[in-house]
Structure formats: structure tokens, C-alpha cells
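Shown next: query.txt, given as compact mmCIF, C-alpha atoms.
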```txt
# COMPACT_ATOMS: atom_id res chain seq x y z
CA MET A 1 39.31 59.35 7.29
CA GLU A 2 39.04 58.97 11.03
CA LEU A 3 35.41 60.15 11.09
CA LEU A 4 34.38 57.35 8.72
CA ILE A 5 36.39 54.72 10.59
CA GLU A 6 34.80 55.74 13.90
CA LYS A 7 31.36 55.57 12.30
CA ILE A 8 32.06 52.04 11.02
CA LYS A 9 33.35 50.97 14.45
CA ASN A 10 30.36 52.44 16.31
CA GLU A 11 27.51 51.72 13.92
CA GLY A 12 28.65 49.02 11.50
CA THR A 13 27.35 45.48 11.98
CA VAL A 14 29.36 42.46 10.86
CA LEU A 15 26.91 39.96 9.34
CA SER A 16 29.53 37.45 8.19
CA SER A 17 33.22 37.17 7.38
CA SER A 18 32.51 38.98 4.08
CA ILE A 19 29.51 41.26 4.75
CA LEU A 20 29.47 44.52 6.71
CA LYS A 21 26.16 46.30 7.25
CA VAL A 22 26.39 50.11 7.30
CA ASP A 23 22.79 51.01 6.57
CA SER A 24 22.53 53.46 9.46
CA PHE A 25 24.74 56.03 7.72
CA LEU A 26 25.63 55.03 4.14
CA ASN A 27 23.34 52.74 2.18
CA HIS A 28 19.85 53.08 3.65
CA GLN A 29 19.78 55.93 6.10
CA ILE A 30 22.35 58.58 5.10
CA ASP A 31 24.40 60.79 7.41
CA PRO A 32 24.58 64.08 5.43
CA GLN A 33 27.40 65.55 7.51
CA LEU A 34 29.53 62.44 7.02
CA MET A 35 28.74 62.48 3.27
CA LEU A 36 29.85 66.13 3.11
CA GLU A 37 33.20 65.26 4.71
CA ILE A 38 33.56 62.26 2.37
CA GLY A 39 32.88 64.54 -0.60
CA LYS A 40 35.54 66.99 0.60
CA GLU A 41 38.05 64.18 1.02
CA PHE A 42 37.48 62.81 -2.49
CA ALA A 43 37.64 66.33 -3.96
CA GLU A 44 40.96 66.94 -2.20
CA ARG A 45 42.48 63.63 -3.32
CA PHE A 46 41.49 64.12 -6.97
CA ALA A 47 41.84 67.92 -7.14
CA ASP A 48 44.71 67.77 -9.66
CA CYS A 49 43.01 65.40 -12.14
CA GLY A 50 40.93 67.87 -14.13
CA ILE A 51 37.73 65.93 -13.44
CA THR A 52 34.76 66.94 -15.62
CA LYS A 53 32.24 64.26 -14.57
CA ILE A 54 31.66 61.99 -11.61
CA VAL A 55 30.14 58.62 -12.47
CA THR A 56 28.49 56.29 -9.96
CA ILE A 57 25.86 53.55 -9.82
CA GLU A 58 22.45 53.66 -8.21
CA SER A 59 21.71 53.89 -5.45
CA SER A 60 24.25 53.83 -2.61
CA GLY A 61 26.98 55.57 -4.60
CA ILE A 62 24.83 58.63 -5.28
CA ALA A 63 25.18 60.42 -1.91
CA PRO A 64 29.02 60.41 -1.73
CA ALA A 65 29.22 61.14 -5.48
CA VAL A 66 26.93 64.18 -5.24
CA MET A 67 28.92 65.60 -2.34
CA ALA A 68 32.18 65.13 -4.27
CA GLY A 69 30.55 66.73 -7.32
CA LEU A 70 29.51 69.68 -5.19
CA GLN A 71 33.09 70.18 -4.01
CA LEU A 72 34.63 69.69 -7.48
CA GLN A 73 31.82 71.69 -9.12
CA VAL A 74 31.13 69.05 -11.77
CA PRO A 75 27.99 67.09 -12.75
CA VAL A 76 27.28 63.64 -11.36
CA VAL A 77 25.94 60.89 -13.65
CA PHE A 78 24.61 57.68 -12.17
CA ALA A 79 24.23 54.41 -14.02
CA ARG A 80 20.76 52.97 -13.80
CA LYS A 81 20.15 49.32 -12.96
CA ARG A 82 16.51 49.29 -14.00
CA LYS A 83 14.79 49.98 -17.27
CA SER A 84 13.06 53.35 -17.52
CA LEU A 85 10.52 54.64 -20.02
CA THR A 86 12.46 57.91 -20.17
CA LEU A 87 15.86 56.27 -20.65
CA VAL A 88 15.63 54.13 -23.77
CA ASN A 89 17.74 55.56 -26.62
CA ASP A 90 21.51 55.87 -27.14
CA LEU A 91 22.44 53.96 -24.02
CA ILE A 92 25.91 52.80 -23.10
CA THR A 93 25.57 49.57 -21.14
CA SER A 94 27.54 47.03 -19.13
CA SER A 95 26.66 43.88 -17.17
CA VAL A 96 27.46 43.84 -13.45
CA TYR A 97 27.21 40.88 -11.10
CA SER A 98 26.27 41.66 -7.49
CA PHE A 99 27.63 39.16 -4.97
CA THR A 100 25.43 40.48 -2.15
CA LYS A 101 22.25 40.25 -4.28
CA GLU A 102 23.49 37.22 -6.27
CA GLU A 103 22.20 38.62 -9.54
CA THR A 104 23.47 40.24 -12.71
CA SER A 105 22.16 43.69 -13.67
CA GLU A 106 22.56 45.56 -16.91
CA ILE A 107 23.60 49.09 -16.00
CA SER A 108 23.23 51.98 -18.40
CA ILE A 109 24.08 55.65 -18.95
CA SER A 110 22.82 57.85 -21.75
CA ASN A 111 25.59 58.80 -24.16
CA LYS A 112 24.24 62.37 -23.91
CA TYR A 113 25.94 62.72 -20.54
CA LEU A 114 29.33 61.10 -21.20
CA SER A 115 31.73 61.77 -24.07
CA GLU A 116 35.34 61.58 -25.25
CA ASN A 117 35.88 65.05 -23.76
CA ASP A 118 35.23 63.85 -20.22
CA LYS A 119 37.73 63.08 -17.49
CA VAL A 120 35.85 60.77 -15.20
CA LEU A 121 36.07 60.08 -11.48
CA ILE A 122 34.18 56.91 -10.52
CA ILE A 123 32.79 56.84 -6.99
CA ASP A 124 31.07 53.97 -5.16
CA ASP A 125 30.16 53.04 -1.60
CA PHE A 126 31.85 49.62 -1.45
CA LEU A 127 34.65 47.85 -3.30
CA ALA A 128 34.66 44.07 -2.84
CA ASN A 129 35.09 42.01 -6.01
CA GLY A 130 35.24 45.11 -8.20
CA GLN A 131 32.35 44.25 -10.52
CA ALA A 132 30.47 47.55 -10.17
CA ALA A 133 33.62 49.63 -10.65
CA LEU A 134 34.68 47.55 -13.66
CA GLY A 135 31.22 47.98 -15.17
CA LEU A 136 31.46 51.76 -14.77
CA VAL A 137 34.98 51.73 -16.24
CA GLU A 138 33.64 49.80 -19.24
CA ILE A 139 30.88 52.38 -19.80
CA ALA A 140 33.37 55.27 -19.56
CA ILE A 141 35.70 53.57 -22.06
CA LYS A 142 32.79 52.88 -24.48
CA ALA A 143 31.96 56.61 -24.29
CA GLY A 144 35.57 57.46 -25.12
CA ALA A 145 36.08 59.17 -21.76
CA SER A 146 39.24 58.79 -19.69
CA VAL A 147 39.03 57.30 -16.19
CA GLU A 148 41.19 59.50 -13.98
CA GLY A 149 40.50 57.68 -10.75
CA ILE A 150 38.19 55.56 -8.63
CA GLY A 151 37.04 56.76 -5.21
CA ILE A 152 35.69 54.18 -2.79
CA VAL A 153 34.12 54.87 0.60
CA ILE A 154 34.80 51.39 2.06
CA GLU A 155 37.11 48.82 0.47
CA LYS A 156 37.16 45.21 1.58
CA GLY A 157 40.90 44.74 1.29
CA PHE A 158 40.60 40.97 1.78
CA GLN A 159 38.64 40.64 -1.48
CA GLU A 160 40.15 40.96 -4.93
CA GLY A 161 38.49 44.08 -6.37
CA GLY A 162 41.10 46.58 -5.28
CA ARG A 163 43.98 44.44 -6.53
CA ILE A 164 42.28 43.88 -9.91
CA LEU A 165 41.65 47.61 -10.47
CA ARG A 166 45.13 48.67 -9.33
CA ASN A 167 46.76 45.97 -11.48
CA LYS A 168 44.88 47.40 -14.47
CA GLY A 169 46.60 50.70 -13.74
CA TYR A 170 43.71 52.61 -12.20
CA ARG A 171 44.28 54.98 -9.31
CA VAL A 172 42.04 53.73 -6.49
CA GLU A 173 41.56 55.90 -3.40
CA SER A 174 39.66 54.17 -0.60
CA LEU A 175 38.73 56.17 2.49
CA ALA A 176 38.58 53.09 4.74
CA ILE A 177 40.16 49.72 3.93
CA ILE A 178 39.02 46.71 5.93
CA ASN A 179 41.51 43.88 6.36
CA SER A 180 39.16 41.40 7.98
CA LEU A 181 35.65 40.84 9.33
CA GLU A 182 36.56 37.55 10.99
CA ASN A 183 34.96 36.69 14.36
CA GLY A 184 32.61 39.68 14.08
CA ILE A 185 35.47 42.18 14.42
CA VAL A 186 36.22 44.94 11.89
CA SER A 187 39.97 45.12 11.38
CA PHE A 188 41.28 48.11 9.42
CA GLU A 189 44.35 48.30 7.23
CA ASN A 190 47.00 50.78 8.27
CA SER A 191 47.57 53.32 5.45
CA THR A 192 51.33 52.75 5.70
CA GLU A 193 50.76 49.08 4.80
CA ARG A 194 49.13 50.11 1.51
CA LYS A 195 51.92 52.58 0.72
CA ALA A 196 54.52 49.88 1.32
CA GLU A 197 52.63 47.44 -0.91
CA LEU A 198 52.41 50.00 -3.74
CA ALA A 199 56.04 51.09 -3.45
```

If you took the structure in this file and wrote it as C-alpha cells, what would it be?
Amino acid sequence: MELLIEKIKNEGTVLSSSILKVDSFLNHQIDPQLMLEIGKEFAERFADCGITKIVTIESSGIAPAVMAGLQLQVPVVFARKRKSLTLVNDLITSSVYSFTKEETSEISISNKYLSENDKVLIIDDFLANGQAALGLVEIAIKAGASVEGIGIVIEKGFQEGGRILRNKGYRVESLAIINSLENGIVSFENSTERKAELA
């Protein structure tokens, strides 16, 4: 996804060797045109999976998930991190630790919107240590749904999340994989490197 990579190069800010700030287009201010292209890309990559639901987590995963849902013509369900007076009964839950916020959240989805008949595509903005994705996988499994794939906008390839998910047998498609943020420079993985590693 050259458009995404250019956006990261031009607008991303490296805050440390492990943190990349992309709040000008992804997780604070949102670039709708970029999200549309991201949605098209995810829909194309998972077109043959028979997806019936897209599952994400609030709030930064919602924009790319909705655009993918629009392309695949399926509903999008997002896991809530906060308690709600309207979301109290028949919840499927999981605990997720956030390394950037340094806190554990209980995420939840109503079992009304996820069932054993669903083929799920999980979408999120970042993949680092894999905690959010694993939490969503756990919820899908508790609902009896099958996880057909995991779509990630930006994967930090130097952290363990991608390896953990792939080792568990999940198909992970990341639109941009970052090898390093050392010395304030964003270094991207070449897609042929990933193919060689998976071969």
C-alpha cells in the first residue's frame, strides 16, 4: 500500500524506538480518502473468505473497519472498552493490556451481534504486542465464530504480535510493516522479506 507508506513517511512522527504517532490521518484526525483505499485493500485481500462480520475495537480501528465493511457489504461490530448503560446483558468479554496506555481494559461485545454462524475478519489500526487482536480473537471464539483473518493497517514488525498470531495459525495481512523506528527513522519491511520468511 504505497499510499499508506507515503502518508507514514510524510506525516508520521517517531516518538521513540517503539512508538509511531500517526494522529494526523489514522487515530485522531482521519483521512477519509486514505481510509477508503485501506478498506478496498482489505476487501480485496479477504474477498475469498466468505466474511460475514468485521470485528474491531474502539476507537482507532473503527474507521478502517467501516470502510472494509462497506466494500465487503457486511456489518461492523466494535468491542467497547468502557461500560455503557445500554450494553449490560449477554456480553462476551476479554481483558486487553495496552502498552501505550499502560493499563488493562475489559473489552466487550454483545452476543446478539456475533454467533457461531459468523466468519469474522478482525481489523485494527496497529499491531505491536498483539494484545488487542488476541482479545478480539478470544471474543470471536467464545461466540463460536470462526476467525478467517486479521487485517492490520500498520504492523510493528520488530515487536512480537505478528509472530504470535501467525504462529497460532491466523492469517495476518498488514498493509504496512515497520522494521525499525531507531534513530527517529521509519524503516519499512520489504514484502518479499515476509514472503520468504513464511515460505

Could you please determine the separation between atom CA of Gly39 of chain A and atom CA of Val153 of chain A in Å, to one decimal place? 9.8 Å

Segment 86-122 of chain A residues near segment 49-55 of chain A within 12 Å, closest pair each, using all atoms listed in the file, as a Markdown table:
```
| residue | atom | partner | partner_atom | distance |
| --- | --- | --- | --- | --- |
| A:Ser108 | CA | A:Val55 | CA | 11.3 |
| A:Ile109 | CA | A:Val55 | CA | 9.4 |
| A:Ser110 | CA | A:Val55 | CA | 11.8 |
| A:Tyr113 | CA | A:Lys53 | CA | 8.8 |
| A:Leu114 | CA | A:Lys53 | CA | 7.9 |
| A:Ser115 | CA | A:Lys53 | CA | 9.8 |
| A:Glu116 | CA | A:Thr52 | CA | 11.0 |
| A:Asn117 | CA | A:Thr52 | CA | 8.4 |
| A:Asp118 | CA | A:Thr52 | CA | 5.6 |
| A:Lys119 | CA | A:Ile51 | CA | 5.0 |
| A:Val120 | CA | A:Lys53 | CA | 5.1 |
| A:Leu121 | CA | A:Ile54 | CA | 4.8 |
| A:Ile122 | CA | A:Val55 | CA | 4.8 |
```

Distance cut-off 12 Å, centre (45.6, 49.7, -13.4) in file coordinates, counting all atoms listed in the file: which residues qualify? Return them as a ChimeraX atom specification. /A:134,137,147-150,161-172,198

Provide the atom CA of Glu58 of chain A to atom CA of Asp125 of chain A distance in Å, to one decimal place.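 Interatomic distance, atom CA of Glu58 of chain A to atom CA of Asp125 of chain A: 10.2 Å.
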
Rounded to one decimal in Å, what is the spacing between atom CA of Asn129 of chain A and atom CA of Glu160 of chain A?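 So the answer is 5.3 Å.
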
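With only C-alpha atoms as the atoms that count, the minimum distance from Ala63 of chain A to the choices A:Glu11, A:Glu6, A:Asp31, A:Glu41 is reached by A:Asp31.
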
I need every residue sitting at most 8 Å from the point (28.2, 58.6, -12.3) (coordinates as in the file, all atoms listed in the file considered), written as a list in words.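 Those residues lying close to the given coordinates are Lys53, Ile54, Val55, Thr56, Ile57, Ile62, Ala65, Val76, Val77, Phe78, Ala79, Ile122, Ile123 and Leu136 of chain A.
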
Distance criterion (only C-alpha atoms): nearest to Gly69 of chain A out of A:Gly135, A:Ala43, A:Arg82, A:Leu91: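 Nearest candidate to Gly69 of chain A out of A:Gly135, A:Ala43, A:Arg82, A:Leu91: A:Ala43.
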
Distance query Glu44 of chain A at most 10 Å, only C-alpha atoms, self and fewer than 4 positions along chain excluded, as a ChimeraX atom specification: /A:38-40,48,68,71-72

At a cut-off of 10 Å, using all atoms listed in the file, what residues contact Tyr97 of chain A? Leave out same-chain residues fewer than 6 positions from it and give the result as number ranges by chain. A: 103-106, 129-132, 135

Could you please fill out segment 49-61 of chain A with N, CA, C and O atoms and send it back as a PDB file, in the coordinates of the input?
```
ATOM      1  N   CYS A  49      43.272  66.317 -11.026  1.00  0.00           N
ATOM      2  CA  CYS A  49      43.010  65.400 -12.140  1.00  0.00           C
ATOM      3  C   CYS A  49      42.176  66.012 -13.262  1.00  0.00           C
ATOM      4  O   CYS A  49      41.920  65.346 -14.263  1.00  0.00           O
ATOM      5  N   GLY A  50      41.732  67.234 -13.092  1.00  0.00           N
ATOM      6  CA  GLY A  50      40.930  67.870 -14.130  1.00  0.00           C
ATOM      7  C   GLY A  50      39.594  67.186 -14.378  1.00  0.00           C
ATOM      8  O   GLY A  50      39.106  67.134 -15.509  1.00  0.00           O
ATOM      9  N   ILE A  51      38.983  66.668 -13.324  1.00  0.00           N
ATOM     10  CA  ILE A  51      37.730  65.930 -13.440  1.00  0.00           C
ATOM     11  C   ILE A  51      36.627  66.797 -14.048  1.00  0.00           C
ATOM     12  O   ILE A  51      36.431  67.943 -13.632  1.00  0.00           O
ATOM     13  N   THR A  52      35.903  66.228 -15.026  1.00  0.00           N
ATOM     14  CA  THR A  52      34.760  66.940 -15.620  1.00  0.00           C
ATOM     15  C   THR A  52      33.425  66.266 -15.287  1.00  0.00           C
ATOM     16  O   THR A  52      32.382  66.900 -15.372  1.00  0.00           O
ATOM     17  N   LYS A  53      33.464  64.988 -14.931  1.00  0.00           N
ATOM     18  CA  LYS A  53      32.240  64.260 -14.570  1.00  0.00           C
ATOM     19  C   LYS A  53      32.555  63.240 -13.481  1.00  0.00           C
ATOM     20  O   LYS A  53      33.609  62.609 -13.503  1.00  0.00           O
ATOM     21  N   ILE A  54      31.588  63.091 -12.571  1.00  0.00           N
ATOM     22  CA  ILE A  54      31.660  61.990 -11.610  1.00  0.00           C
ATOM     23  C   ILE A  54      30.624  60.969 -12.036  1.00  0.00           C
ATOM     24  O   ILE A  54      29.490  61.320 -12.377  1.00  0.00           O
ATOM     25  N   VAL A  55      31.030  59.706 -12.065  1.00  0.00           N
ATOM     26  CA  VAL A  55      30.140  58.620 -12.470  1.00  0.00           C
ATOM     27  C   VAL A  55      30.002  57.654 -11.305  1.00  0.00           C
ATOM     28  O   VAL A  55      30.993  57.281 -10.653  1.00  0.00           O
ATOM     29  N   THR A  56      28.755  57.256 -11.020  1.00  0.00           N
ATOM     30  CA  THR A  56      28.490  56.290  -9.960  1.00  0.00           C
ATOM     31  C   THR A  56      27.377  55.361 -10.414  1.00  0.00           C
ATOM     32  O   THR A  56      26.973  55.386 -11.573  1.00  0.00           O
ATOM     33  N   ILE A  57      26.909  54.526  -9.500  1.00  0.00           N
ATOM     34  CA  ILE A  57      25.860  53.550  -9.820  1.00  0.00           C
ATOM     35  C   ILE A  57      24.772  53.685  -8.775  1.00  0.00           C
ATOM     36  O   ILE A  57      25.058  53.945  -7.607  1.00  0.00           O
ATOM     37  N   GLU A  58      23.505  53.543  -9.207  1.00  0.00           N
ATOM     38  CA  GLU A  58      22.450  53.660  -8.210  1.00  0.00           C
ATOM     39  C   GLU A  58      22.474  52.440  -7.277  1.00  0.00           C
ATOM     40  O   GLU A  58      22.867  51.354  -7.698  1.00  0.00           O
ATOM     41  N   SER A  59      22.112  52.633  -6.011  1.00  0.00           N
ATOM     42  CA  SER A  59      21.710  53.890  -5.450  1.00  0.00           C
ATOM     43  C   SER A  59      22.684  54.370  -4.354  1.00  0.00           C
ATOM     44  O   SER A  59      22.778  55.561  -4.097  1.00  0.00           O
ATOM     45  N   SER A  60      23.434  53.450  -3.766  1.00  0.00           N
ATOM     46  CA  SER A  60      24.250  53.830  -2.610  1.00  0.00           C
ATOM     47  C   SER A  60      25.453  54.697  -2.955  1.00  0.00           C
ATOM     48  O   SER A  60      26.018  55.345  -2.080  1.00  0.00           O
ATOM     49  N   GLY A  61      25.859  54.724  -4.221  1.00  0.00           N
ATOM     50  CA  GLY A  61      26.980  55.570  -4.600  1.00  0.00           C
ATOM     51  C   GLY A  61      26.593  57.024  -4.807  1.00  0.00           C
ATOM     52  O   GLY A  61      27.459  57.902  -4.867  1.00  0.00           O
TER      53      GLY A  61
END
```
